[in-house]
Amino acid sequence: PGVPAAPTLIWSEDFQNLPTPNNTMGGVDLLSYTGLQTNYTADPAWRVTAPNTCNGLITAANLNTNDAASIAN
């Protein structure tokens with residue numbers, strides 16, 4: 001009962017260490033990305049190499065839509 005409080009941000013990542021996305025780049029595998037002070041890992045089902053998924057890839061709207069590695073993943 002009562003009025004819910006506004007959510008509290010616990011953690012955020014803006015992937016600031018990626019090069020500026022452009023149409024010659026493909027997606028970046030999450031496991032190869034290094035954040036400001038963080039390296040990432042993921043459960044095998046959420047990795048780029050997992051079968052039948054499109055998880056584990058950091059992308060942006062203006063990346064190369066014909067990038068073979070991104071398409072394969």
# chains A, B, ... in the order shown; residues from 1 in each chain; ligands from 1
>>> residues_around(residues="stretch 36-43 of chain A", least_positions_apart="3", cutoff="12 Å", atoms="only C-alpha atoms", output="list in words")
Ser12, Glu13, Asp14, Phe15, Gln16, Asn17, Leu18, Asp29, Leu30, Leu31, Ser32, Tyr33, Trp46, Arg47, Val48, Thr49, Ala50, Asn55, Gly56, Leu57 and Ile58 of chain A
>>> select_by_dssp(residues="chain A", states="strand (DSSP E)", output="number ranges by chain")
A: 28-29, 57-58
>>> write_last_selection(atoms="N, CA, C and O atoms", output="tab-separated table (two decimals), in the first residue's frame")
chain	number	residue	atom	x	y	z
A	28	VAL	N	30.45	-4.97	-31.47
A	28	VAL	CA	31.59	-5.36	-30.65
A	28	VAL	C	31.14	-6.46	-29.69
A	28	VAL	O	30.13	-6.32	-29.01
A	29	ASP	N	31.89	-7.54	-29.64
A	29	ASP	CA	31.60	-8.63	-28.71
A	29	ASP	C	31.73	-8.11	-27.28
A	29	ASP	O	32.74	-7.51	-26.92
A	57	LEU	N	26.31	-8.71	-28.16
A	57	LEU	CA	26.90	-7.83	-29.17
A	57	LEU	C	26.50	-6.39	-28.86
A	57	LEU	O	25.32	-6.09	-28.70
A	58	ILE	N	27.49	-5.52	-28.71
A	58	ILE	CA	27.22	-4.10	-28.48
A	58	ILE	C	27.06	-3.45	-29.85
A	58	ILE	O	27.97	-3.52	-30.68
>>> select_by_dssp(residues="chain A", states="helix (DSSP H, G or I)", output="PyMOL selection string")
chain A and resi 30-32+44-46+68-72
>>> residues_around(residues="A:Gly27", least_positions_apart="2", cutoff="9 Å", atoms="only C-alpha atoms", output="PDB file with N, CA and C atoms, in the first residue's frame")
ATOM      1  N   MET A  25      31.844   0.171 -39.271  1.00  0.00           N
ATOM      2  CA  MET A  25      32.075  -0.716 -38.123  1.00  0.00           C
ATOM      3  C   MET A  25      30.956  -1.724 -37.962  1.00  0.00           C
ATOM      4  N   ASP A  29      31.892  -7.537 -29.640  1.00  0.00           N
ATOM      5  CA  ASP A  29      31.598  -8.632 -28.715  1.00  0.00           C
ATOM      6  C   ASP A  29      31.730  -8.110 -27.283  1.00  0.00           C
ATOM      7  N   LEU A  57      26.313  -8.706 -28.161  1.00  0.00           N
ATOM      8  CA  LEU A  57      26.903  -7.834 -29.166  1.00  0.00           C
ATOM      9  C   LEU A  57      26.501  -6.391 -28.857  1.00  0.00           C
ATOM     10  N   ILE A  58      27.488  -5.515 -28.710  1.00  0.00           N
ATOM     11  CA  ILE A  58      27.215  -4.101 -28.478  1.00  0.00           C
ATOM     12  C   ILE A  58      27.064  -3.455 -29.850  1.00  0.00           C
ATOM     13  N   THR A  59      25.923  -2.857 -30.085  1.00  0.00           N
ATOM     14  CA  THR A  59      25.638  -2.284 -31.397  1.00  0.00           C
ATOM     15  C   THR A  59      25.137  -0.844 -31.284  1.00  0.00           C
ATOM     16  N   ALA A  60      25.014  -0.200 -32.405  1.00  0.00           N
ATOM     17  CA  ALA A  60      24.445   1.140 -32.489  1.00  0.00           C
ATOM     18  C   ALA A  60      23.681   1.226 -33.804  1.00  0.00           C
ATOM     19  N   LEU A  63      25.725   1.541 -37.285  1.00  0.00           N
ATOM     20  CA  LEU A  63      26.795   0.620 -37.651  1.00  0.00           C
ATOM     21  C   LEU A  63      26.521   0.008 -39.019  1.00  0.00           C
ATOM     22  N   ASN A  64      27.534  -0.612 -39.579  1.00  0.00           N
ATOM     23  CA  ASN A  64      27.434  -1.256 -40.884  1.00  0.00           C
ATOM     24  C   ASN A  64      26.464  -2.442 -40.804  1.00  0.00           C
ATOM     25  N   ASP A  67      27.981  -5.930 -41.996  1.00  0.00           N
ATOM     26  CA  ASP A  67      29.154  -6.491 -41.340  1.00  0.00           C
ATOM     27  C   ASP A  67      28.971  -7.992 -41.140  1.00  0.00           C
ATOM     28  N   ALA A  69      30.568 -10.355 -39.439  1.00  0.00           N
ATOM     29  CA  ALA A  69      30.604 -10.891 -38.085  1.00  0.00           C
ATOM     30  C   ALA A  69      29.316 -10.587 -37.326  1.00  0.00           C
ATOM     31  N   SER A  70      28.795  -9.381 -37.477  1.00  0.00           N
ATOM     32  CA  SER A  70      27.547  -9.029 -36.811  1.00  0.00           C
ATOM     33  C   SER A  70      26.390  -9.850 -37.362  1.00  0.00           C
TER      34      SER A  70
END
